[in-house]
file start.pdb (PDB, C-alpha atoms, pLDDT in the B column)
MODEL        1
ATOM      1  CA  GLY S   1      77.211  93.440  87.741  1.00 88.00           C
ATOM      2  CA  ILE S   2      77.098  97.097  88.598  1.00 93.00           C
ATOM      3  CA  CYS S   3      74.345  99.516  87.639  1.00 96.00           C
ATOM      4  CA  GLN S   4      75.222 102.259  85.160  1.00 95.00           C
ATOM      5  CA  SER S   5      74.646 105.105  87.615  1.00 96.00           C
ATOM      6  CA  SER S   6      76.994 103.580  90.215  1.00 97.00           C
ATOM      7  CA  LEU S   7      79.655 102.949  87.590  1.00 96.00           C
ATOM      8  CA  ALA S   8      79.375 106.494  86.210  1.00 95.00           C
ATOM      9  CA  LYS S   9      79.589 107.979  89.720  1.00 97.00           C
ATOM     10  CA  THR S  10      82.644 105.899  90.629  1.00 97.00           C
ATOM     11  CA  LEU S  11      84.454 106.715  87.380  1.00 97.00           C
ATOM     12  CA  LYS S  12      83.727 110.430  87.842  1.00 97.00           C
ATOM     13  CA  GLU S  13      85.107 110.323  91.400  1.00 98.00           C
ATOM     14  CA  LEU S  14      88.249 108.486  90.265  1.00 98.00           C
ATOM     15  CA  GLU S  15      88.737 111.091  87.544  1.00 98.00           C
ATOM     16  CA  GLU S  16      88.214 113.977  89.983  1.00 98.00           C
ATOM     17  CA  VAL S  17      90.938 112.721  92.342  1.00 98.00           C
ATOM     18  CA  GLY S  18      93.345 112.033  89.492  1.00 98.00           C
ATOM     19  CA  ILE S  19      93.368 108.228  89.607  1.00 99.00           C
ATOM     20  CA  ALA S  20      91.645 107.737  86.242  1.00 98.00           C
ATOM     21  CA  GLU S  21      91.767 109.628  82.968  1.00 98.00           C
ATOM     22  CA  ARG S  22      88.825 109.977  80.591  1.00 97.00           C
ATOM     23  CA  LYS S  23      89.151 110.201  76.823  1.00 97.00           C
ATOM     24  CA  VAL S  24      86.244 110.716  74.417  1.00 96.00           C
ATOM     25  CA  HIS S  25      86.567 109.208  70.933  1.00 95.00           C
ATOM     26  CA  LEU S  26      84.404 111.140  68.487  1.00 95.00           C
ATOM     27  CA  ASP S  27      83.946 108.211  66.134  1.00 91.00           C
ATOM     28  CA  ARG S  28      80.478 106.924  65.358  1.00 92.00           C
ATOM     29  CA  PRO S  29      79.253 105.733  67.738  1.00 94.00           C
ATOM     30  CA  VAL S  30      80.949 107.993  70.261  1.00 94.00           C
ATOM     31  CA  ALA S  31      83.037 106.010  72.738  1.00 95.00           C
ATOM     32  CA  VAL S  32      84.459 106.957  76.115  1.00 95.00           C
ATOM     33  CA  GLU S  33      87.645 105.332  77.363  1.00 96.00           C
ATOM     34  CA  TYR S  34      88.921 105.310  80.936  1.00 97.00           C
ATOM     35  CA  ARG S  35      92.418 104.336  81.964  1.00 98.00           C
ATOM     36  CA  LEU S  36      94.609 104.671  85.007  1.00 98.00           C
ATOM     37  CA  SER S  37      96.549 107.908  85.228  1.00 99.00           C
ATOM     38  CA  PRO S  38     100.199 107.782  86.353  1.00 98.00           C
ATOM     39  CA  LYS S  39      98.870 108.412  89.890  1.00 98.00           C
ATOM     40  CA  GLY S  40      96.435 105.508  89.468  1.00 98.00           C
ATOM     41  CA  GLN S  41      99.178 103.232  88.147  1.00 99.00           C
ATOM     42  CA  ASP S  42     101.278 104.000  91.234  1.00 98.00           C
ATOM     43  CA  LEU S  43      98.276 103.220  93.444  1.00 98.00           C
ATOM     44  CA  PHE S  44      97.685  99.933  91.604  1.00 98.00           C
ATOM     45  CA  GLU S  45     101.310  98.910  92.156  1.00 98.00           C
ATOM     46  CA  ALA S  46     101.091  99.803  95.858  1.00 98.00           C
ATOM     47  CA  ILE S  47      97.921  97.727  96.271  1.00 98.00           C
ATOM     48  CA  ARG S  48      99.491  94.800  94.418  1.00 97.00           C
ATOM     49  CA  ASP S  49     102.564  94.977  96.672  1.00 96.00           C
ATOM     50  CA  LEU S  50     100.317  95.092  99.729  1.00 94.00           C
ATOM     51  CA  GLU S  51      98.482  91.989  98.501  1.00 93.00           C
ATOM     52  CA  VAL S  52     101.795  90.134  98.142  1.00 94.00           C
ATOM     53  CA  TRP S  53     102.788  91.203 101.656  1.00 92.00           C
ATOM     54  CA  ALA S  54      99.424  90.171 103.132  1.00 90.00           C
ATOM     55  CA  THR S  55      99.510  86.792 101.420  1.00 89.00           C
ATOM     56  CA  ARG S  56     103.043  86.102 102.627  1.00 89.00           C
ATOM     57  CA  TRP S  57     102.323  87.038 106.232  1.00 86.00           C
ATOM     58  CA  ALA S  58      98.880  85.445 106.378  1.00 80.00           C
ATOM     59  CA  MET S  59     100.427  82.175 105.232  1.00 71.00           C
ATOM     60  CA  ALA S  60     103.238  82.547 107.785  1.00 72.00           C
ATOM     61  CA  ALA S  61     100.639  83.013 110.523  1.00 72.00           C
ATOM     62  CA  GLY S  62      98.870  79.813 109.482  1.00 68.00           C
ATOM     63  CA  SER S  63      95.795  81.463 107.998  1.00 59.00           C
ATOM     64  CA  ARG S  64      94.283  79.591 105.081  1.00 60.00           C
ATOM     65  CA  GLU S  65      93.080  82.614 103.149  1.00 60.00           C
ATOM     66  CA  VAL S  66      93.138  86.380 103.099  1.00 55.00           C
ATOM     67  CA  THR S  67      89.679  87.929 103.332  1.00 60.00           C
ATOM     68  CA  GLN S  68      88.874  90.716 100.936  1.00 57.00           C
TER      69      GLN S  68
ENDMDL
END

call {"tool": "encode", "arguments": {"input": "start.pdb", "output": "C-alpha cells"}}
result
Amino acid sequence: GICQSSLAKTLKELEEVGIAERKVHLDRPVAVEYRLSPKGQDLFEAIRDLEVWATRWAMAAGSREVTQ
C-alpha cells in the first residue's frame, strides 16, 4: 500500500496542477472525494492510447512484454 502522507501529498499535487478535483462532503463522518478533472480525463485517455500503441509495437518487434 501507500502511506497516508504520500497519498495526501500526491493528491494535493494532482489538484494543484488541475488533474484532480477535490470535493468535501459535510456528512457525518466528513468524507473527501477525489476525481479526475476534465484535464485529468484527457490525460488518462492519452495514457491509455499510448499503452495501446506500445503494446502493438512491442508485439510487432517480438518483445514478450512491455515493462512499466

call {"tool": "residues_around", "arguments": {"input": "start.pdb", "residues": "Glu21 (chain S)", "least_positions_apart": "3", "cutoff": "8 Å", "atoms": "only C-alpha atoms", "output": "list in words"}}
result
Glu15, Gly18, Tyr34, Arg35, Leu36 and Ser37 of chain S

call {"tool": "write_last_selection", "arguments": {"input": "start.pdb", "atoms": "C-alpha atoms", "output": "short mmCIF file (atom, residue, chain, number, x, y, z; two decimals), in the coordinates of the input"}}
result
data_model
loop_
_atom_site.label_atom_id
_atom_site.label_comp_id
_atom_site.auth_asym_id
_atom_site.auth_seq_id
_atom_site.Cartn_x
_atom_site.Cartn_y
_atom_site.Cartn_z
CA GLU S 15 88.74 111.09 87.54
CA GLY S 18 93.34 112.03 89.49
CA TYR S 34 88.92 105.31 80.94
CA ARG S 35 92.42 104.34 81.96
CA LEU S 36 94.61 104.67 85.01
CA SER S 37 96.55 107.91 85.23
#

call {"tool": "atom_distance", "arguments": {"input": "start.pdb", "atom1": "CA of Ala46 (chain S)", "atom2": "CA of Arg22 (chain S)"}}
result
22.1 Å

call {"tool": "closest_residue", "arguments": {"input": "start.pdb", "among": "S:Ala54, S:Ile47, S:Val32, S:Leu26", "to": "Leu11 (chain S)", "atoms": "all atoms listed in the file"}}
result
S:Val32

call {"tool": "atom_distance", "arguments": {"input": "start.pdb", "atom1": "CA of Leu14 (chain S)", "atom2": "CA of Asp42 (chain S)"}}
result
13.8 Å

call {"tool": "closest_residue", "arguments": {"input": "start.pdb", "among": "S:Val24, S:Ile19, S:Trp57, S:Leu7", "to": "Phe44 (chain S)", "atoms": "all atoms listed in the file"}}
result
S:Ile19

call {"tool": "atom_distance", "arguments": {"input": "start.pdb", "atom1": "CA of Val17 (chain S)", "atom2": "CA of Leu50 (chain S)"}}
result
21.3 Å

call {"tool": "closest_residue", "arguments": {"input": "start.pdb", "among": "S:Ala20, S:Ile2, S:Met59, S:Val52", "to": "Gly40 (chain S)", "atoms": "all atoms listed in the file"}}
result
S:Ala20

call {"tool": "decode", "arguments": {"input": "start.pdb", "residues": "chain S", "atoms": "C-alpha atoms", "output": "CSV table (one decimal), in the first residue's frame"}}
result
chain,number,residue,atom,x,y,z
S,1,GLY,CA,0.0,0.0,0.0
S,2,ILE,CA,0.9,3.6,0.2
S,3,CYS,CA,1.4,5.6,3.4
S,4,GLN,CA,-1.2,8.3,4.2
S,5,SER,CA,1.3,11.2,3.9
S,6,SER,CA,2.5,10.1,0.5
S,7,LEU,CA,-1.1,9.7,-0.7
S,8,ALA,CA,-2.1,13.1,0.7
S,9,LYS,CA,0.9,14.8,-1.0
S,10,THR,CA,0.3,13.2,-4.3
S,11,LEU,CA,-3.4,14.1,-4.3
S,12,LYS,CA,-2.6,17.7,-3.4
S,13,GLU,CA,-0.1,17.9,-6.2
S,14,LEU,CA,-2.6,16.5,-8.7
S,15,GLU,CA,-5.2,19.0,-7.5
S,16,GLU,CA,-2.7,21.9,-7.8
S,17,VAL,CA,-1.9,21.1,-11.4
S,18,GLY,CA,-5.6,20.6,-12.3
S,19,ILE,CA,-5.6,16.9,-12.9
S,20,ALA,CA,-7.8,16.0,-9.9
S,21,GLU,CA,-10.7,17.7,-8.2
S,22,ARG,CA,-11.4,17.6,-4.5
S,23,LYS,CA,-14.9,17.7,-3.0
S,24,VAL,CA,-15.7,17.7,0.7
S,25,HIS,CA,-18.9,16.0,1.8
S,26,LEU,CA,-20.0,17.5,5.1
S,27,ASP,CA,-22.0,14.5,6.2
S,28,ARG,CA,-21.1,12.7,9.4
S,29,PRO,CA,-18.4,11.5,9.2
S,30,VAL,CA,-16.9,14.1,6.9
S,31,ALA,CA,-15.7,12.5,3.6
S,32,VAL,CA,-13.4,13.8,0.9
S,33,GLU,CA,-13.8,12.7,-2.6
S,34,TYR,CA,-11.2,13.0,-5.4
S,35,ARG,CA,-12.0,12.5,-9.1
S,36,LEU,CA,-10.3,13.3,-12.4
S,37,SER,CA,-10.9,16.8,-13.7
S,38,PRO,CA,-11.7,17.2,-17.5
S,39,LYS,CA,-7.9,17.8,-17.8
S,40,GLY,CA,-7.2,14.6,-15.9
S,41,GLN,CA,-9.7,12.6,-18.0
S,42,ASP,CA,-7.9,13.8,-21.2
S,43,LEU,CA,-4.6,12.8,-19.7
S,44,PHE,CA,-6.0,9.3,-18.8
S,45,GLU,CA,-7.2,8.8,-22.4
S,46,ALA,CA,-3.8,9.9,-23.8
S,47,ILE,CA,-2.0,7.4,-21.5
S,48,ARG,CA,-4.4,4.6,-22.4
S,49,ASP,CA,-3.9,5.3,-26.1
S,50,LEU,CA,-0.1,5.3,-25.5
S,51,GLU,CA,-0.4,1.9,-23.8
S,52,VAL,CA,-2.3,0.5,-26.8
S,53,TRP,CA,0.4,1.9,-29.1
S,54,ALA,CA,3.2,0.5,-27.0
S,55,THR,CA,1.6,-2.9,-26.8
S,56,ARG,CA,1.0,-3.1,-30.5
S,57,TRP,CA,4.6,-2.1,-31.4
S,58,ALA,CA,6.3,-4.1,-28.7
S,59,MET,CA,4.5,-7.2,-30.0
S,60,ALA,CA,5.4,-6.3,-33.6
S,61,ALA,CA,9.1,-6.1,-32.5
S,62,GLY,CA,8.9,-9.5,-30.9
S,63,SER,CA,9.0,-8.4,-27.3
S,64,ARG,CA,7.1,-10.6,-24.9
S,65,GLU,CA,6.0,-7.8,-22.5
S,66,VAL,CA,6.0,-4.1,-22.0
S,67,THR,CA,7.9,-3.0,-18.9
S,68,GLN,CA,6.2,-0.5,-16.7
